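protein.cif (mmCIF, N, CA and C atoms and all ligand atoms) appears below.
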data_query
#
loop_
_atom_site.group_PDB
_atom_site.id
_atom_site.type_symbol
_atom_site.label_atom_id
_atom_site.label_comp_id
_atom_site.auth_asym_id
_atom_site.auth_seq_id
_atom_site.Cartn_x
_atom_site.Cartn_y
_atom_site.Cartn_z
ATOM 1 N N MET A 527 -13.990 25.576 22.481
ATOM 2 C CA MET A 527 -14.036 24.228 21.891
ATOM 3 C C MET A 527 -12.658 23.780 21.439
ATOM 4 N N THR A 528 -12.405 22.539 21.685
ATOM 5 C CA THR A 528 -11.137 22.003 21.202
ATOM 6 C C THR A 528 -11.376 21.192 19.942
ATOM 7 N N SER A 529 -10.808 21.672 18.895
ATOM 8 C CA SER A 529 -10.960 20.925 17.648
ATOM 9 C C SER A 529 -9.808 19.947 17.502
ATOM 10 N N LYS A 530 -10.149 18.722 17.246
ATOM 11 C CA LYS A 530 -9.104 17.714 17.088
ATOM 12 C C LYS A 530 -8.319 17.958 15.806
ATOM 13 N N PRO A 531 -7.029 18.052 15.964
ATOM 14 C CA PRO A 531 -6.210 18.103 14.735
ATOM 15 C C PRO A 531 -6.189 16.717 14.104
ATOM 16 N N SER A 532 -6.574 16.651 12.887
ATOM 17 C CA SER A 532 -6.603 15.340 12.241
ATOM 18 C C SER A 532 -5.198 14.774 12.115
ATOM 19 N N SER A 533 -5.022 13.580 12.611
ATOM 20 C CA SER A 533 -3.693 12.972 12.598
ATOM 21 C C SER A 533 -3.256 12.639 11.176
ATOM 22 N N GLN A 534 -4.228 12.478 10.314
ATOM 23 C CA GLN A 534 -3.851 12.150 8.945
ATOM 24 C C GLN A 534 -3.628 13.419 8.131
ATOM 25 N N PRO A 535 -2.472 13.499 7.516
ATOM 26 C CA PRO A 535 -2.212 14.634 6.631
ATOM 27 C C PRO A 535 -3.089 14.545 5.390
ATOM 28 N N SER A 536 -3.614 15.659 4.995
ATOM 29 C CA SER A 536 -4.482 15.630 3.836
ATOM 30 C C SER A 536 -3.691 15.232 2.595
ATOM 31 N N LYS A 537 -4.218 14.262 1.918
ATOM 32 C CA LYS A 537 -3.500 13.780 0.747
ATOM 33 C C LYS A 537 -3.812 14.657 -0.455
ATOM 34 N N PRO A 538 -2.780 15.095 -1.101
ATOM 35 C CA PRO A 538 -2.979 15.874 -2.319
ATOM 36 C C PRO A 538 -3.364 14.971 -3.477
ATOM 37 N N GLY A 539 -4.477 15.275 -4.082
ATOM 38 C CA GLY A 539 -4.877 14.472 -5.234
ATOM 39 C C GLY A 539 -5.280 13.065 -4.834
ATOM 40 N N GLN A 540 -5.007 12.145 -5.721
ATOM 41 C CA GLN A 540 -5.404 10.774 -5.462
ATOM 42 C C GLN A 540 -4.278 10.032 -4.759
ATOM 43 N N PRO A 541 -4.661 9.080 -3.938
ATOM 44 C CA PRO A 541 -3.641 8.235 -3.317
ATOM 45 C C PRO A 541 -2.967 7.371 -4.363
ATOM 46 N N CYS A 542 -1.680 7.168 -4.168
ATOM 47 C CA CYS A 542 -0.939 6.386 -5.140
ATOM 48 C C CYS A 542 -1.269 4.911 -4.987
ATOM 49 N N LYS A 543 -1.599 4.301 -6.064
ATOM 50 C CA LYS A 543 -1.891 2.866 -6.005
ATOM 51 C C LYS A 543 -0.677 2.045 -6.383
ATOM 52 N N HIS A 544 0.417 2.697 -6.546
ATOM 53 C CA HIS A 544 1.670 2.028 -6.885
ATOM 54 C C HIS A 544 1.505 1.080 -8.075
ATOM 55 N N PRO A 545 1.158 1.621 -9.189
ATOM 56 C CA PRO A 545 0.944 0.773 -10.368
ATOM 57 C C PRO A 545 2.251 0.246 -10.938
ATOM 58 N N ARG A 546 3.327 0.972 -10.695
ATOM 59 C CA ARG A 546 4.606 0.510 -11.237
ATOM 60 C C ARG A 546 5.637 0.421 -10.121
ATOM 61 N N VAL A 547 6.123 -0.771 -9.908
ATOM 62 C CA VAL A 547 7.114 -0.961 -8.861
ATOM 63 C C VAL A 547 8.300 -1.736 -9.398
ATOM 64 N N GLN A 548 9.418 -1.539 -8.738
ATOM 65 C CA GLN A 548 10.580 -2.335 -9.084
ATOM 66 C C GLN A 548 11.186 -2.904 -7.809
ATOM 67 N N ILE A 549 11.750 -4.066 -7.934
ATOM 68 C CA ILE A 549 12.337 -4.716 -6.769
ATOM 69 C C ILE A 549 13.669 -4.065 -6.440
ATOM 70 N N VAL A 550 13.796 -3.656 -5.181
ATOM 71 C CA VAL A 550 15.039 -3.012 -4.778
ATOM 72 C C VAL A 550 15.850 -3.892 -3.845
ATOM 73 N N SER A 551 15.194 -4.783 -3.167
ATOM 74 C CA SER A 551 15.902 -5.644 -2.238
ATOM 75 C C SER A 551 15.156 -6.956 -2.073
ATOM 76 N N ARG A 552 15.931 -7.986 -1.847
ATOM 77 C CA ARG A 552 15.285 -9.277 -1.740
ATOM 78 C C ARG A 552 15.839 -10.037 -0.545
ATOM 79 N N ASP A 553 14.905 -10.502 0.244
ATOM 80 C CA ASP A 553 15.298 -11.284 1.397
ATOM 81 C C ASP A 553 14.865 -12.724 1.182
ATOM 82 N N GLU A 554 15.136 -13.549 2.182
ATOM 83 C CA GLU A 554 14.763 -14.949 2.005
ATOM 84 C C GLU A 554 13.262 -15.128 1.901
ATOM 85 N N ASP A 555 12.558 -14.386 2.740
ATOM 86 C CA ASP A 555 11.106 -14.529 2.681
ATOM 87 C C ASP A 555 10.413 -13.187 2.528
ATOM 88 N N ALA A 556 11.161 -12.220 2.076
ATOM 89 C CA ALA A 556 10.535 -10.917 1.868
ATOM 90 C C ALA A 556 11.156 -10.234 0.667
ATOM 91 N N GLU A 557 10.337 -9.476 0.007
ATOM 92 C CA GLU A 557 10.803 -8.774 -1.175
ATOM 93 C C GLU A 557 10.434 -7.306 -1.015
ATOM 94 N N PHE A 558 11.394 -6.448 -1.250
ATOM 95 C CA PHE A 558 11.098 -5.030 -1.103
ATOM 96 C C PHE A 558 11.056 -4.368 -2.465
ATOM 97 N N VAL A 559 10.019 -3.607 -2.649
ATOM 98 C CA VAL A 559 9.839 -2.961 -3.936
ATOM 99 C C VAL A 559 9.720 -1.452 -3.758
ATOM 100 N N GLU A 560 10.112 -0.745 -4.788
ATOM 101 C CA GLU A 560 9.997 0.712 -4.750
ATOM 102 C C GLU A 560 9.009 1.142 -5.815
ATOM 103 N N CYS A 561 8.104 2.009 -5.410
ATOM 104 C CA CYS A 561 7.139 2.514 -6.362
ATOM 105 C C CYS A 561 7.811 3.562 -7.249
ATOM 106 N N LEU A 562 7.653 3.397 -8.521
ATOM 107 C CA LEU A 562 8.291 4.333 -9.439
ATOM 108 C C LEU A 562 7.526 5.642 -9.512
ATOM 109 N N GLU A 563 6.331 5.638 -8.998
ATOM 110 C CA GLU A 563 5.500 6.845 -9.068
ATOM 111 C C GLU A 563 5.741 7.754 -7.861
ATOM 112 N N CYS A 564 5.681 7.161 -6.671
ATOM 113 C CA CYS A 564 5.780 7.992 -5.467
ATOM 114 C C CYS A 564 7.059 7.733 -4.697
ATOM 115 N N ARG A 565 7.868 6.821 -5.182
ATOM 116 C CA ARG A 565 9.172 6.536 -4.570
ATOM 117 C C ARG A 565 9.070 5.903 -3.192
ATOM 118 N N GLU A 566 7.947 5.325 -2.911
ATOM 119 C CA GLU A 566 7.799 4.687 -1.620
ATOM 120 C C GLU A 566 8.335 3.270 -1.684
ATOM 121 N N ILE A 567 8.975 2.861 -0.604
ATOM 122 C CA ILE A 567 9.500 1.508 -0.557
ATOM 123 C C ILE A 567 8.711 0.695 0.455
ATOM 124 N N PHE A 568 8.305 -0.454 0.040
ATOM 125 C CA PHE A 568 7.532 -1.299 0.940
ATOM 126 C C PHE A 568 7.722 -2.754 0.561
ATOM 127 N N GLU A 569 7.217 -3.619 1.428
ATOM 128 C CA GLU A 569 7.305 -5.037 1.139
ATOM 129 C C GLU A 569 6.318 -5.399 0.044
ATOM 130 N N SER A 570 6.726 -6.300 -0.804
ATOM 131 C CA SER A 570 5.845 -6.653 -1.913
ATOM 132 C C SER A 570 4.572 -7.320 -1.403
ATOM 133 N N SER A 571 4.657 -7.953 -0.255
ATOM 134 C CA SER A 571 3.448 -8.566 0.295
ATOM 135 C C SER A 571 2.451 -7.484 0.692
ATOM 136 N N GLU A 572 2.966 -6.339 1.114
ATOM 137 C CA GLU A 572 2.074 -5.224 1.437
ATOM 138 C C GLU A 572 1.315 -4.772 0.204
ATOM 139 N N LEU A 573 1.998 -4.748 -0.870
ATOM 140 C CA LEU A 573 1.377 -4.309 -2.104
ATOM 141 C C LEU A 573 0.225 -5.234 -2.472
ATOM 142 N N LYS A 574 0.456 -6.515 -2.282
ATOM 143 C CA LYS A 574 -0.610 -7.472 -2.561
ATOM 144 C C LYS A 574 -1.807 -7.171 -1.673
ATOM 145 N N ASP A 575 -1.514 -6.938 -0.393
ATOM 146 C CA ASP A 575 -2.604 -6.619 0.531
ATOM 147 C C ASP A 575 -3.396 -5.429 0.046
ATOM 148 N N MET A 576 -2.675 -4.421 -0.382
ATOM 149 C CA MET A 576 -3.328 -3.180 -0.801
ATOM 150 C C MET A 576 -4.274 -3.418 -1.963
ATOM 151 N N SER A 577 -3.776 -4.119 -2.965
ATOM 152 C CA SER A 577 -4.602 -4.296 -4.152
ATOM 153 C C SER A 577 -5.724 -5.288 -3.900
ATOM 154 N N ILE A 578 -5.471 -6.185 -2.963
ATOM 155 C CA ILE A 578 -6.515 -7.164 -2.659
ATOM 156 C C ILE A 578 -7.677 -6.491 -1.941
ATOM 157 N N GLU A 579 -7.326 -5.549 -1.084
ATOM 158 C CA GLU A 579 -8.336 -4.901 -0.255
ATOM 159 C C GLU A 579 -9.575 -4.467 -1.040
ATOM 160 N N GLU A 580 -9.357 -4.034 -2.235
ATOM 161 C CA GLU A 580 -10.477 -3.489 -2.987
ATOM 162 C C GLU A 580 -11.460 -4.555 -3.456
ATOM 163 N N ARG A 581 -10.949 -5.744 -3.667
ATOM 164 C CA ARG A 581 -11.836 -6.741 -4.251
ATOM 165 C C ARG A 581 -11.967 -7.996 -3.403
ATOM 166 N N VAL A 582 -11.610 -7.851 -2.141
ATOM 167 C CA VAL A 582 -11.603 -9.042 -1.299
ATOM 168 C C VAL A 582 -12.997 -9.385 -0.802
ATOM 169 N N GLU A 583 -13.841 -8.393 -0.735
ATOM 170 C CA GLU A 583 -15.120 -8.618 -0.069
ATOM 171 C C GLU A 583 -16.081 -9.477 -0.870
ATOM 172 N N LYS A 584 -15.740 -9.729 -2.084
ATOM 173 C CA LYS A 584 -16.643 -10.548 -2.902
ATOM 174 C C LYS A 584 -16.670 -12.002 -2.444
ATOM 175 N N GLU A 585 -15.474 -12.499 -2.158
ATOM 176 C CA GLU A 585 -15.401 -13.899 -1.795
ATOM 177 C C GLU A 585 -15.448 -14.078 -0.286
ATOM 178 N N THR A 586 -16.237 -15.013 0.120
ATOM 179 C CA THR A 586 -16.273 -15.334 1.540
ATOM 180 C C THR A 586 -15.405 -16.549 1.782
ATOM 181 N N GLN A 587 -14.352 -16.291 2.508
ATOM 182 C CA GLN A 587 -13.444 -17.390 2.766
ATOM 183 C C GLN A 587 -13.661 -17.919 4.162
ATOM 184 N N GLU A 588 -14.103 -19.133 4.232
ATOM 185 C CA GLU A 588 -14.250 -19.762 5.547
ATOM 186 C C GLU A 588 -13.461 -21.045 5.582
ATOM 187 N N SER A 589 -12.631 -21.139 6.579
ATOM 188 C CA SER A 589 -11.848 -22.356 6.673
ATOM 189 C C SER A 589 -12.061 -23.013 8.032
HETATM 190 ZN ZN ZN B 1 3.237 4.739 -5.283
#

Written as structure tokens, that's how I'd like the structure from this file.
Ligand SMILES: [Zn+2]
Amino acid sequence: MTSKPSSQPSKPGQPCKHPRVQIVSRDEDAEFVECLECREIFESSELKDMSIEERVEKETQES
């Protein structure tokens, strides 16, 4: 039998929700922030997406 190696590395503990971030770089239409907890750098818009994901399903947006 061939067992599939899971492509996702097992996360130790809880996933970081990046509760504390600081802006490290700023572009004209993008802002980059660094998480003070896990040191990850990402676009601030990504962070919004992440936090929205949890509570987005309540509202039905139809346009
Ligand atoms: Zn983090």

Residues at most 8 Å from ligand ZN 1 (chain B), using all atoms listed in the file? Could they come as an NGL selection string?
-> :A and (541-547 or 560-567)

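The space between atom CA of A:Glu569 and atom C of A:Ala556 spans 6.5 Å.
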
Give me, please, the distance in Å between atom CA of A:Glu557 and atom N of A:Ser571, quoted to one decimal.
->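 According to the coordinates, atom CA of A:Glu557 and atom N of A:Ser571 are separated by 6.3 Å.
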
Atom N of A:Gly539 to atom C of A:Phe568, distance in Å rounded to a single decimal | 22.3 Å
